[in-house]
Amino acid sequence: MSKRLRSSEVCADCSGPDPSWASVNRGTFICDDCCSVHRSLGRHISQVRHLKHTPWPPTLLQMVETLYNNGANSIWEHSLLDPTSIMSGRRKANPQDKVHPNKAEFIRAKYQMLAFVHRLPCRDDDSVTTKDLSKQLHSSVRTGNLETCLRLLSLGAQANFFHPEKGNTPLHVASKAGQILQAELLAVYGADPGTQDSSGKTPVDYARQGGHHELAERLVEIQYELTDRLAFYLCGRKPDHKNGQHFIIPQMADSSLDLSELAKAAKKKLQSLSNHLFEELAMDVYDEVDRRETDAVWLATQNHSTLVTETTVVPFLPVNPEYSSTRNQGRQKLARFNAHEFATLVIDILSDAKRRQQGSPLSSLKDNVELILKTISNQHSVESQDNDQPDYDSVASDEDTDPEATASKAHRQKSLDSDLSDGPVTVQEFLEVKNALVASEAKIQQLMKVNNNLSDELRIMQKKLLGKDAN
């Protein structure tokens, strides 16, 4: 669904005419120049869609339009509306300002630092404030007042908050009330349509019981949005959820390469991931799909005579300070996958997502041990190519991050996020699991040593028993 812009609409960030992009989670319309800055911030800050050249679920577009028309931008520019802000030297960007540094600095302050958002009085316990805000959100979503809920979310209310007394989440409340636009807003901020209330009912159940069939169908779509987006990226089709088809697994035109040892190893490694790590990997691939598709729209809609200017494509996923440095590096490596490599990874994720939902068993421990031993035996030949592997830390250093965010990431616990950069790709990509494989080999060697000791003791006991029988 495309949108017809009215002449009265202006960019929320610089007031330029005829904005052609939307920031979905901010409820604003933005121009090309400002969109280039939004994209460099990352989807965790701003989720951008082209208003005409990107497919829109109708109610999602309606949600953004409603927020824009009801003054959602005033949430992000609250203090700038104070006349004294002009005296203090703070001002909004103008259409004539340069993208860098003028518009970029203003947009980063507005959305990344939340410099102009209304601040609540400080409390000793921030968790109390978050809980209070979340309870207000829980009550507000039964109404059609979207901007109130967006304001609460901007202040820290949690979209997945489970109300201890009510026994459900804001999405349950919105679904029961038939508030489809509130459901869209909550979903944008991470609300899970599959969450069960204290009685075991999901928001989808609430919507169906209330006769809100359009909302129920939309919630099912939201529940499968990640896998739907990956499938649509590869084959241009989405599953027919109404008829119980929830997954489409595209096939490669040439699947012979998928039979390689590296491809098999990568698939087994993918299967061995915990559900949590698998979900993180799938979300990162989803973000990379969004980056690639938005780049394609960007290139198709820009004036190519002025393309190489201040506004360019985003070369890799921007750093998210909420993630570990290892995960951020893995996310950035996804941009280096060629079309075949990336498509193979997407297909493997879709296949394993379907398997996990249907509860199919993983491959046996014996298969995994054999895989590890086989990979270790070939490790020396793989190491000879290690010098050809680019140091993607240098890629990460290209991202302009503030010192506080860098310090925060340095103190975060490193996990198994290195799994995120693996897939059925090149030998170099497979080097990421080297350390884990070495550790696994050490464990296997230890188990083999214990087993040998037990065998020796068993032989000694057998000799003693034979000696007693002989006597």
# chains A, B, ... in the order shown; residues from 1 in each chain; ligands from 1
>>> select_by_dssp(residues="range 101-251 of chain A", states="alpha helix (DSSP H)", output="MDAnalysis selection string")
chainID A and resid 104:107 126:140 146:155 170:177 180:188 203:209 213:223 225:235
>>> residues_around(residues="range 288-294 of chain A", least_positions_apart="5", cutoff="10 Å", atoms="only C-alpha atoms", output="compact mmCIF listing (two decimals) with N, CA and C atoms, in the first residue's frame")
# COMPACT_ATOMS: atom_id res chain seq x y z
N ARG A 39 19.13 6.35 8.83
CA ARG A 39 19.60 5.02 8.49
C ARG A 39 20.96 4.73 9.10
N GLY A 42 20.79 3.24 12.75
CA GLY A 42 20.42 1.85 12.98
C GLY A 42 18.95 1.71 13.32
N ARG A 43 18.41 0.50 13.09
CA ARG A 43 16.99 0.25 13.32
C ARG A 43 16.61 0.31 14.79
N GLN A 47 13.41 3.13 12.52
CA GLN A 47 13.04 2.14 11.51
C GLN A 47 12.40 2.87 10.33
N VAL A 48 13.12 2.99 9.23
CA VAL A 48 12.66 3.81 8.12
C VAL A 48 12.04 2.96 7.01
N ARG A 49 11.02 3.52 6.40
CA ARG A 49 10.37 2.91 5.23
C ARG A 49 10.04 4.03 4.24
N HIS A 50 10.18 3.71 2.95
CA HIS A 50 9.76 4.67 1.93
C HIS A 50 8.25 4.65 1.84
N HIS A 53 7.50 3.43 -2.21
CA HIS A 53 8.19 2.32 -2.88
C HIS A 53 8.49 1.15 -1.95
N THR A 54 7.91 1.14 -0.78
CA THR A 54 8.03 0.02 0.14
C THR A 54 6.64 -0.50 0.45
N ARG A 229 9.42 -11.97 6.23
CA ARG A 229 10.29 -10.99 5.57
C ARG A 229 11.46 -11.69 4.88
N LEU A 230 12.03 -12.68 5.53
CA LEU A 230 13.15 -13.40 4.93
C LEU A 230 12.71 -14.16 3.68
N TYR A 233 12.03 -11.77 0.81
CA TYR A 233 13.29 -11.24 0.27
C TYR A 233 13.84 -12.16 -0.81
N LEU A 234 13.69 -13.48 -0.62
CA LEU A 234 14.27 -14.44 -1.56
C LEU A 234 13.36 -14.75 -2.73
N ALA A 282 18.75 -14.77 13.90
CA ALA A 282 17.67 -14.49 12.96
C ALA A 282 17.33 -13.01 12.92
N MET A 283 17.33 -12.35 14.08
CA MET A 283 17.05 -10.91 14.11
C MET A 283 18.14 -10.12 13.40
N LEU A 299 18.72 3.69 -3.68
CA LEU A 299 19.40 3.89 -4.97
C LEU A 299 18.41 4.15 -6.09
N ALA A 300 17.25 3.50 -6.02
CA ALA A 300 16.25 3.65 -7.08
C ALA A 300 15.55 5.00 -7.03
N VAL A 313 24.58 5.32 0.64
CA VAL A 313 24.03 4.08 1.20
C VAL A 313 24.72 3.80 2.53
N VAL A 314 24.11 2.93 3.31
CA VAL A 314 24.70 2.48 4.58
C VAL A 314 25.45 1.19 4.28
N PRO A 315 26.79 1.16 4.41
CA PRO A 315 27.57 0.01 3.94
C PRO A 315 27.44 -1.24 4.77
N PHE A 316 27.07 -1.12 6.05
CA PHE A 316 26.90 -2.28 6.92
C PHE A 316 26.02 -1.87 8.08
N LEU A 317 25.58 -2.83 8.86
CA LEU A 317 24.68 -2.54 9.97
C LEU A 317 25.38 -1.65 11.01
N PRO A 318 24.75 -0.54 11.39
CA PRO A 318 25.36 0.34 12.40
C PRO A 318 25.48 -0.35 13.75
N ARG A 331 27.41 -8.86 13.03
CA ARG A 331 26.35 -8.19 12.26
C ARG A 331 26.94 -7.45 11.07
N GLN A 332 28.06 -6.78 11.28
CA GLN A 332 28.68 -6.04 10.18
C GLN A 332 29.25 -6.96 9.12
N LYS A 333 29.70 -8.15 9.53
CA LYS A 333 30.24 -9.10 8.56
C LYS A 333 29.18 -9.58 7.58
N LEU A 334 27.92 -9.53 7.97
CA LEU A 334 26.86 -9.98 7.07
C LEU A 334 26.85 -9.19 5.76
N ALA A 335 27.30 -7.95 5.80
CA ALA A 335 27.32 -7.13 4.58
C ALA A 335 28.31 -7.66 3.56
N PHE A 342 24.54 -15.25 1.17
CA PHE A 342 23.51 -14.70 2.06
C PHE A 342 22.19 -15.44 1.87
N VAL A 346 20.01 -17.43 4.70
CA VAL A 346 18.60 -17.15 4.94
C VAL A 346 17.76 -18.42 4.86
>>> residues_around(residues="Cys14 in chain A", least_positions_apart="2", cutoff="12 Å", atoms="only C-alpha atoms", output="ChimeraX atom specification")
/A:9-12,16-19,28-35,37,73,77,91-99,102-107,110
>>> write_last_selection(atoms="N, CA, C and O atoms", output="compact mmCIF listing (two decimals), in the first residue's frame")
# COMPACT_ATOMS: atom_id res chain seq x y z
N GLU A 9 2.37 18.43 4.34
CA GLU A 9 3.26 17.61 5.14
C GLU A 9 4.71 18.03 4.92
O GLU A 9 5.16 18.26 3.80
N VAL A 10 5.44 18.12 6.04
CA VAL A 10 6.84 18.54 5.99
C VAL A 10 7.67 17.57 6.79
O VAL A 10 7.17 16.80 7.61
N CYS A 11 8.97 17.59 6.54
CA CYS A 11 9.91 16.74 7.26
C CYS A 11 9.89 17.09 8.75
O CYS A 11 9.96 18.26 9.12
N ALA A 12 9.81 16.07 9.59
CA ALA A 12 9.75 16.30 11.04
C ALA A 12 11.05 16.86 11.59
O ALA A 12 11.05 17.48 12.66
N GLY A 16 11.56 20.43 5.77
CA GLY A 16 11.60 20.44 4.32
C GLY A 16 10.30 19.90 3.74
O GLY A 16 9.62 19.09 4.36
N PRO A 17 9.93 20.35 2.52
CA PRO A 17 8.64 19.94 1.94
C PRO A 17 8.66 18.52 1.39
O PRO A 17 9.72 17.97 1.08
N ASP A 18 7.47 17.94 1.29
CA ASP A 18 7.26 16.65 0.62
C ASP A 18 8.17 15.54 1.14
O ASP A 18 8.95 14.94 0.38
N PRO A 19 8.10 15.19 2.40
CA PRO A 19 8.90 14.06 2.89
C PRO A 19 8.45 12.76 2.24
O PRO A 19 7.26 12.52 2.06
N THR A 28 6.96 9.68 12.52
CA THR A 28 7.25 10.92 11.80
C THR A 28 7.51 10.65 10.32
O THR A 28 7.86 9.52 9.94
N PHE A 29 7.35 11.69 9.51
CA PHE A 29 7.74 11.66 8.10
C PHE A 29 9.01 12.48 7.95
O PHE A 29 9.14 13.55 8.56
N ILE A 30 9.93 11.99 7.11
CA ILE A 30 11.23 12.65 6.97
C ILE A 30 11.63 12.72 5.49
O ILE A 30 11.18 11.92 4.67
N CYS A 31 12.49 13.68 5.18
CA CYS A 31 12.96 13.88 3.81
C CYS A 31 14.15 12.97 3.53
O CYS A 31 14.66 12.28 4.41
N ASP A 32 14.62 12.99 2.27
CA ASP A 32 15.73 12.14 1.87
C ASP A 32 16.99 12.43 2.69
O ASP A 32 17.67 11.52 3.16
N ASP A 33 17.33 13.72 2.83
CA ASP A 33 18.54 14.10 3.56
C ASP A 33 18.50 13.57 4.98
O ASP A 33 19.45 12.94 5.46
N CYS A 34 17.41 13.82 5.66
CA CYS A 34 17.31 13.39 7.06
C CYS A 34 17.22 11.87 7.17
O CYS A 34 17.74 11.29 8.13
N CYS A 35 16.62 11.23 6.18
CA CYS A 35 16.54 9.77 6.18
C CYS A 35 17.93 9.15 6.12
O CYS A 35 18.19 8.13 6.76
N VAL A 37 20.54 10.18 7.49
CA VAL A 37 21.08 10.20 8.86
C VAL A 37 20.38 9.15 9.71
O VAL A 37 21.03 8.43 10.48
N ASN A 73 5.64 14.34 16.72
CA ASN A 73 6.97 14.96 16.68
C ASN A 73 7.23 15.82 17.91
O ASN A 73 8.38 16.04 18.29
N GLU A 77 10.59 16.63 20.33
CA GLU A 77 11.09 18.02 20.34
C GLU A 77 10.44 18.83 21.46
O GLU A 77 10.25 20.04 21.33
N ARG A 91 18.22 25.03 18.52
CA ARG A 91 17.24 25.28 17.46
C ARG A 91 17.08 24.03 16.61
O ARG A 91 17.94 23.15 16.58
N LYS A 92 15.98 23.99 15.88
CA LYS A 92 15.68 22.90 14.97
C LYS A 92 16.47 23.08 13.68
O LYS A 92 16.80 24.21 13.29
N ALA A 93 16.79 21.99 13.01
CA ALA A 93 17.49 22.07 11.73
C ALA A 93 16.59 22.70 10.67
O ALA A 93 15.36 22.60 10.74
N ASN A 94 17.20 23.34 9.69
CA ASN A 94 16.49 23.97 8.57
C ASN A 94 16.74 23.18 7.29
O ASN A 94 17.74 22.48 7.17
N PRO A 95 15.82 23.32 6.29
CA PRO A 95 16.03 22.61 5.02
C PRO A 95 17.35 22.99 4.35
O PRO A 95 17.95 22.17 3.65
N GLN A 96 17.79 24.22 4.55
CA GLN A 96 19.01 24.70 3.88
C GLN A 96 20.29 24.23 4.57
O GLN A 96 21.38 24.37 4.02
N ASP A 97 20.15 23.70 5.79
CA ASP A 97 21.34 23.24 6.51
C ASP A 97 22.01 22.08 5.78
O ASP A 97 21.34 21.28 5.12
N LYS A 98 23.31 21.98 5.92
CA LYS A 98 24.03 20.83 5.37
C LYS A 98 23.70 19.58 6.17
O LYS A 98 23.43 19.63 7.37
N VAL A 99 23.74 18.46 5.46
CA VAL A 99 23.46 17.19 6.15
C VAL A 99 24.49 16.96 7.25
O VAL A 99 24.14 16.62 8.39
N ASN A 102 25.32 19.73 10.34
CA ASN A 102 24.16 20.38 10.96
C ASN A 102 22.99 19.44 11.21
O ASN A 102 22.57 19.23 12.36
N LYS A 103 22.43 18.86 10.13
CA LYS A 103 21.27 18.00 10.29
C LYS A 103 21.63 16.74 11.07
O LYS A 103 20.85 16.27 11.91
N ALA A 104 22.79 16.18 10.80
CA ALA A 104 23.20 14.95 11.46
C ALA A 104 23.31 15.15 12.97
O ALA A 104 22.85 14.32 13.76
N GLU A 105 23.92 16.24 13.40
CA GLU A 105 24.07 16.50 14.83
C GLU A 105 22.72 16.69 15.50
O GLU A 105 22.47 16.20 16.61
N PHE A 106 21.81 17.42 14.82
CA PHE A 106 20.48 17.64 15.41
C PHE A 106 19.71 16.33 15.52
O PHE A 106 19.10 16.04 16.56
N ILE A 107 19.74 15.51 14.47
CA ILE A 107 18.98 14.26 14.47
C ILE A 107 19.53 13.29 15.51
O ILE A 107 18.77 12.61 16.21
N LYS A 110 18.35 14.45 18.81
CA LYS A 110 16.90 14.29 18.95
C LYS A 110 16.50 12.85 19.22
O LYS A 110 15.67 12.59 20.11
>>> residues_around(residues="Asp197 in chain A", least_positions_apart="4", cutoff="10 Å", atoms="only C-alpha atoms", output="list in words")
Phe162, His163, Lys166, Gly167, Asn168, Thr169, His172, Lys201, Thr202 and Pro203 of chain A
>>> residues_around(residues="Leu67 in chain A", least_positions_apart="2", cutoff="9 Å", atoms="only C-alpha atoms", output="list in words")
Arg26, Gly27, Thr28, Gln62, Met63, Val64, Glu65, Asn69, Asn70, Gly71, Ala72, Asn73, Leu146, Glu147 and Leu150 of chain A
>>> write_last_selection(atoms="N, CA, C and O atoms", output="PDB file, in the first residue's frame")
ATOM      1  N   ARG A  26       9.098   6.218  15.379  1.00  0.00           N
ATOM      2  CA  ARG A  26       9.029   7.592  15.890  1.00  0.00           C
ATOM      3  C   ARG A  26       7.746   8.301  15.476  1.00  0.00           C
ATOM      4  O   ARG A  26       7.438   9.382  15.973  1.00  0.00           O
ATOM      5  N   GLY A  27       7.011   7.707  14.533  1.00  0.00           N
ATOM      6  CA  GLY A  27       5.749   8.292  14.112  1.00  0.00           C
ATOM      7  C   GLY A  27       5.918   9.595  13.356  1.00  0.00           C
ATOM      8  O   GLY A  27       5.113  10.516  13.510  1.00  0.00           O
ATOM      9  N   THR A  28       6.961   9.677  12.519  1.00  0.00           N
ATOM     10  CA  THR A  28       7.251  10.920  11.797  1.00  0.00           C
ATOM     11  C   THR A  28       7.511  10.646  10.321  1.00  0.00           C
ATOM     12  O   THR A  28       7.862   9.519   9.938  1.00  0.00           O
ATOM     13  N   GLN A  62      -1.369   3.337   8.590  1.00  0.00           N
ATOM     14  CA  GLN A  62      -2.383   4.153   9.260  1.00  0.00           C
ATOM     15  C   GLN A  62      -1.909   4.572  10.649  1.00  0.00           C
ATOM     16  O   GLN A  62      -2.173   5.699  11.091  1.00  0.00           O
ATOM     17  N   MET A  63      -1.210   3.702  11.324  1.00  0.00           N
ATOM     18  CA  MET A  63      -0.687   4.029  12.645  1.00  0.00           C
ATOM     19  C   MET A  63       0.315   5.180  12.569  1.00  0.00           C
ATOM     20  O   MET A  63       0.259   6.130  13.358  1.00  0.00           O
ATOM     21  N   VAL A  64       1.243   5.117  11.606  1.00  0.00           N
ATOM     22  CA  VAL A  64       2.241   6.173  11.464  1.00  0.00           C
ATOM     23  C   VAL A  64       1.571   7.491  11.068  1.00  0.00           C
ATOM     24  O   VAL A  64       1.917   8.562  11.595  1.00  0.00           O
ATOM     25  N   GLU A  65       0.623   7.436  10.143  1.00  0.00           N
ATOM     26  CA  GLU A  65      -0.095   8.649   9.731  1.00  0.00           C
ATOM     27  C   GLU A  65      -0.813   9.296  10.910  1.00  0.00           C
ATOM     28  O   GLU A  65      -0.780  10.523  11.082  1.00  0.00           O
ATOM     29  N   ASN A  69      -0.044  13.014  12.255  1.00  0.00           N
ATOM     30  CA  ASN A  69      -1.095  14.037  12.229  1.00  0.00           C
ATOM     31  C   ASN A  69      -1.476  14.531  13.618  1.00  0.00           C
ATOM     32  O   ASN A  69      -1.969  15.652  13.774  1.00  0.00           O
ATOM     33  N   ASN A  70      -1.251  13.709  14.645  1.00  0.00           N
ATOM     34  CA  ASN A  70      -1.596  14.102  16.013  1.00  0.00           C
ATOM     35  C   ASN A  70      -0.411  14.680  16.777  1.00  0.00           C
ATOM     36  O   ASN A  70      -0.443  14.791  17.999  1.00  0.00           O
ATOM     37  N   GLY A  71       0.630  15.034  16.047  1.00  0.00           N
ATOM     38  CA  GLY A  71       1.733  15.765  16.670  1.00  0.00           C
ATOM     39  C   GLY A  71       2.724  14.927  17.433  1.00  0.00           C
ATOM     40  O   GLY A  71       3.283  15.387  18.441  1.00  0.00           O
ATOM     41  N   ALA A  72       2.987  13.698  16.957  1.00  0.00           N
ATOM     42  CA  ALA A  72       3.964  12.850  17.647  1.00  0.00           C
ATOM     43  C   ALA A  72       5.340  13.489  17.687  1.00  0.00           C
ATOM     44  O   ALA A  72       6.124  13.236  18.610  1.00  0.00           O
ATOM     45  N   ASN A  73       5.644  14.337  16.719  1.00  0.00           N
ATOM     46  CA  ASN A  73       6.968  14.957  16.682  1.00  0.00           C
ATOM     47  C   ASN A  73       7.233  15.825  17.908  1.00  0.00           C
ATOM     48  O   ASN A  73       8.380  16.037  18.292  1.00  0.00           O
ATOM     49  N   LEU A 146      -3.071   7.189  20.546  1.00  0.00           N
ATOM     50  CA  LEU A 146      -1.764   6.642  20.202  1.00  0.00           C
ATOM     51  C   LEU A 146      -0.618   7.479  20.732  1.00  0.00           C
ATOM     52  O   LEU A 146       0.385   6.946  21.222  1.00  0.00           O
ATOM     53  N   GLU A 147      -0.745   8.812  20.636  1.00  0.00           N
ATOM     54  CA  GLU A 147       0.377   9.661  21.023  1.00  0.00           C
ATOM     55  C   GLU A 147       0.673   9.563  22.519  1.00  0.00           C
ATOM     56  O   GLU A 147       1.830   9.679  22.941  1.00  0.00           O
ATOM     57  N   LEU A 150       2.739   6.431  22.804  1.00  0.00           N
ATOM     58  CA  LEU A 150       4.083   6.665  22.276  1.00  0.00           C
ATOM     59  C   LEU A 150       4.903   7.474  23.272  1.00  0.00           C
ATOM     60  O   LEU A 150       6.095   7.220  23.469  1.00  0.00           O
TER      61      LEU A 150
END
>>> residues_around(residues="Ser139 in chain A", least_positions_apart="3", cutoff="12 Å", atoms="only C-alpha atoms", output="PDB file with N, CA, C and O atoms, in the first residue's frame")
ATOM      1  N   ASP A 132       5.806   1.972  36.867  1.00  0.00           N
ATOM      2  CA  ASP A 132       4.664   2.890  36.868  1.00  0.00           C
ATOM      3  C   ASP A 132       4.272   3.281  35.443  1.00  0.00           C
ATOM      4  O   ASP A 132       3.087   3.308  35.098  1.00  0.00           O
ATOM      5  N   LEU A 133       5.273   3.584  34.627  1.00  0.00           N
ATOM      6  CA  LEU A 133       5.009   3.953  33.233  1.00  0.00           C
ATOM      7  C   LEU A 133       4.370   2.790  32.481  1.00  0.00           C
ATOM      8  O   LEU A 133       3.450   2.982  31.679  1.00  0.00           O
ATOM      9  N   SER A 134       4.848   1.581  32.738  1.00  0.00           N
ATOM     10  CA  SER A 134       4.318   0.405  32.062  1.00  0.00           C
ATOM     11  C   SER A 134       2.873   0.137  32.478  1.00  0.00           C
ATOM     12  O   SER A 134       2.048  -0.279  31.651  1.00  0.00           O
ATOM     13  N   LYS A 135       2.553   0.387  33.736  1.00  0.00           N
ATOM     14  CA  LYS A 135       1.166   0.231  34.183  1.00  0.00           C
ATOM     15  C   LYS A 135       0.262   1.266  33.514  1.00  0.00           C
ATOM     16  O   LYS A 135      -0.885   0.964  33.156  1.00  0.00           O
ATOM     17  N   GLN A 136       0.774   2.496  33.341  1.00  0.00           N
ATOM     18  CA  GLN A 136      -0.001   3.512  32.625  1.00  0.00           C
ATOM     19  C   GLN A 136      -0.226   3.094  31.174  1.00  0.00           C
ATOM     20  O   GLN A 136      -1.321   3.280  30.628  1.00  0.00           O
ATOM     21  N   ARG A 142      -6.163   0.620  25.855  1.00  0.00           N
ATOM     22  CA  ARG A 142      -7.564   0.275  25.595  1.00  0.00           C
ATOM     23  C   ARG A 142      -8.284   1.418  24.864  1.00  0.00           C
ATOM     24  O   ARG A 142      -9.384   1.241  24.374  1.00  0.00           O
ATOM     25  N   THR A 143      -7.642   2.603  24.808  1.00  0.00           N
ATOM     26  CA  THR A 143      -8.203   3.760  24.113  1.00  0.00           C
ATOM     27  C   THR A 143      -7.511   3.933  22.767  1.00  0.00           C
ATOM     28  O   THR A 143      -6.548   3.232  22.447  1.00  0.00           O
ATOM     29  N   GLY A 144      -7.964   4.900  22.001  1.00  0.00           N
ATOM     30  CA  GLY A 144      -7.357   5.153  20.696  1.00  0.00           C
ATOM     31  C   GLY A 144      -6.306   6.241  20.719  1.00  0.00           C
ATOM     32  O   GLY A 144      -5.883   6.701  19.656  1.00  0.00           O
ATOM     33  N   ASN A 145      -5.870   6.640  21.890  1.00  0.00           N
ATOM     34  CA  ASN A 145      -4.917   7.746  22.011  1.00  0.00           C
ATOM     35  C   ASN A 145      -3.498   7.234  21.799  1.00  0.00           C
ATOM     36  O   ASN A 145      -2.778   6.923  22.758  1.00  0.00           O
ATOM     37  N   THR A 148      -0.355   9.323  23.346  1.00  0.00           N
ATOM     38  CA  THR A 148      -0.119   9.128  24.776  1.00  0.00           C
ATOM     39  C   THR A 148       0.725   7.877  25.003  1.00  0.00           C
ATOM     40  O   THR A 148       1.672   7.875  25.803  1.00  0.00           O
ATOM     41  N   CYS A 149       0.399   6.805  24.296  1.00  0.00           N
ATOM     42  CA  CYS A 149       1.153   5.560  24.445  1.00  0.00           C
ATOM     43  C   CYS A 149       2.570   5.711  23.908  1.00  0.00           C
ATOM     44  O   CYS A 149       3.523   5.182  24.500  1.00  0.00           O
ATOM     45  N   LEU A 152       4.577   7.461  26.530  1.00  0.00           N
ATOM     46  CA  LEU A 152       4.943   6.559  27.616  1.00  0.00           C
ATOM     47  C   LEU A 152       6.082   5.629  27.197  1.00  0.00           C
ATOM     48  O   LEU A 152       7.020   5.382  27.971  1.00  0.00           O
ATOM     49  N   ALA A 157       8.407   3.043  29.209  1.00  0.00           N
ATOM     50  CA  ALA A 157       7.407   1.990  29.422  1.00  0.00           C
ATOM     51  C   ALA A 157       7.751   0.781  28.564  1.00  0.00           C
ATOM     52  O   ALA A 157       8.223   0.911  27.434  1.00  0.00           O
ATOM     53  N   PHE A 161       5.388  -5.555  29.104  1.00  0.00           N
ATOM     54  CA  PHE A 161       5.177  -5.568  30.553  1.00  0.00           C
ATOM     55  C   PHE A 161       4.036  -6.510  30.924  1.00  0.00           C
ATOM     56  O   PHE A 161       2.938  -6.441  30.364  1.00  0.00           O
ATOM     57  N   HIS A 163       1.486  -7.361  33.646  1.00  0.00           N
ATOM     58  CA  HIS A 163       0.871  -6.728  34.815  1.00  0.00           C
ATOM     59  C   HIS A 163       0.642  -7.797  35.892  1.00  0.00           C
ATOM     60  O   HIS A 163      -0.102  -8.763  35.669  1.00  0.00           O
ATOM     61  N   LYS A 166      -3.238  -7.827  36.894  1.00  0.00           N
ATOM     62  CA  LYS A 166      -4.150  -8.152  35.793  1.00  0.00           C
ATOM     63  C   LYS A 166      -3.810  -9.489  35.141  1.00  0.00           C
ATOM     64  O   LYS A 166      -4.667 -10.136  34.533  1.00  0.00           O
ATOM     65  N   ASN A 168      -1.799 -10.036  32.527  1.00  0.00           N
ATOM     66  CA  ASN A 168      -1.622 -10.000  31.072  1.00  0.00           C
ATOM     67  C   ASN A 168      -0.747  -8.814  30.675  1.00  0.00           C
ATOM     68  O   ASN A 168      -0.248  -8.073  31.528  1.00  0.00           O
ATOM     69  N   THR A 169      -0.574  -8.629  29.372  1.00  0.00           N
ATOM     70  CA  THR A 169       0.294  -7.572  28.841  1.00  0.00           C
ATOM     71  C   THR A 169      -0.543  -6.487  28.168  1.00  0.00           C
ATOM     72  O   THR A 169      -1.738  -6.688  27.904  1.00  0.00           O
ATOM     73  N   PRO A 170       0.083  -5.336  27.845  1.00  0.00           N
ATOM     74  CA  PRO A 170      -0.654  -4.299  27.114  1.00  0.00           C
ATOM     75  C   PRO A 170      -1.249  -4.801  25.797  1.00  0.00           C
ATOM     76  O   PRO A 170      -2.327  -4.374  25.396  1.00  0.00           O
ATOM     77  N   LEU A 171      -0.556  -5.726  25.114  1.00  0.00           N
ATOM     78  CA  LEU A 171      -1.073  -6.223  23.838  1.00  0.00           C
ATOM     79  C   LEU A 171      -2.335  -7.049  24.042  1.00  0.00           C
ATOM     80  O   LEU A 171      -3.228  -7.039  23.180  1.00  0.00           O
ATOM     81  N   HIS A 172      -2.430  -7.768  25.149  1.00  0.00           N
ATOM     82  CA  HIS A 172      -3.677  -8.465  25.471  1.00  0.00           C
ATOM     83  C   HIS A 172      -4.820  -7.465  25.611  1.00  0.00           C
ATOM     84  O   HIS A 172      -5.928  -7.674  25.102  1.00  0.00           O
ATOM     85  N   VAL A 173      -4.550  -6.352  26.310  1.00  0.00           N
ATOM     86  CA  VAL A 173      -5.583  -5.339  26.551  1.00  0.00           C
ATOM     87  C   VAL A 173      -6.017  -4.697  25.236  1.00  0.00           C
ATOM     88  O   VAL A 173      -7.218  -4.545  24.962  1.00  0.00           O
ATOM     89  N   ALA A 174      -5.052  -4.306  24.414  1.00  0.00           N
ATOM     90  CA  ALA A 174      -5.374  -3.680  23.134  1.00  0.00           C
ATOM     91  C   ALA A 174      -6.149  -4.634  22.230  1.00  0.00           C
ATOM     92  O   ALA A 174      -7.088  -4.219  21.530  1.00  0.00           O
ATOM     93  N   ALA A 177      -9.743  -4.972  23.332  1.00  0.00           N
ATOM     94  CA  ALA A 177     -10.504  -3.759  23.021  1.00  0.00           C
ATOM     95  C   ALA A 177     -10.624  -3.510  21.523  1.00  0.00           C
ATOM     96  O   ALA A 177     -11.301  -2.565  21.102  1.00  0.00           O
ATOM     97  N   GLN A 182      -3.147   0.524  18.173  1.00  0.00           N
ATOM     98  CA  GLN A 182      -2.350   0.368  19.386  1.00  0.00           C
ATOM     99  C   GLN A 182      -1.537  -0.926  19.311  1.00  0.00           C
ATOM    100  O   GLN A 182      -0.372  -0.968  19.734  1.00  0.00           O
TER     101      GLN A 182
END
>>> closest_residue(among="A:Leu137, A:Leu273, A:Leu226, A:Ile249", to="Leu186 in chain A", atoms="only C-alpha atoms")
A:Leu137
>>> closest_residue(among="A:Glu165, A:Glu279, A:Asp284, A:Asp13", to="Ser74 in chain A", atoms="only C-alpha atoms")
A:Asp13
>>> closest_residue(among="A:Ile349, A:Asn303, A:Arg237, A:Val188", to="Ala266 in chain A", atoms="only C-alpha atoms")
A:Ile349
>>> atom_distance(atom1="CA of Arg355 in chain A", atom2="CA of Phe247 in chain A")
10.4 Å
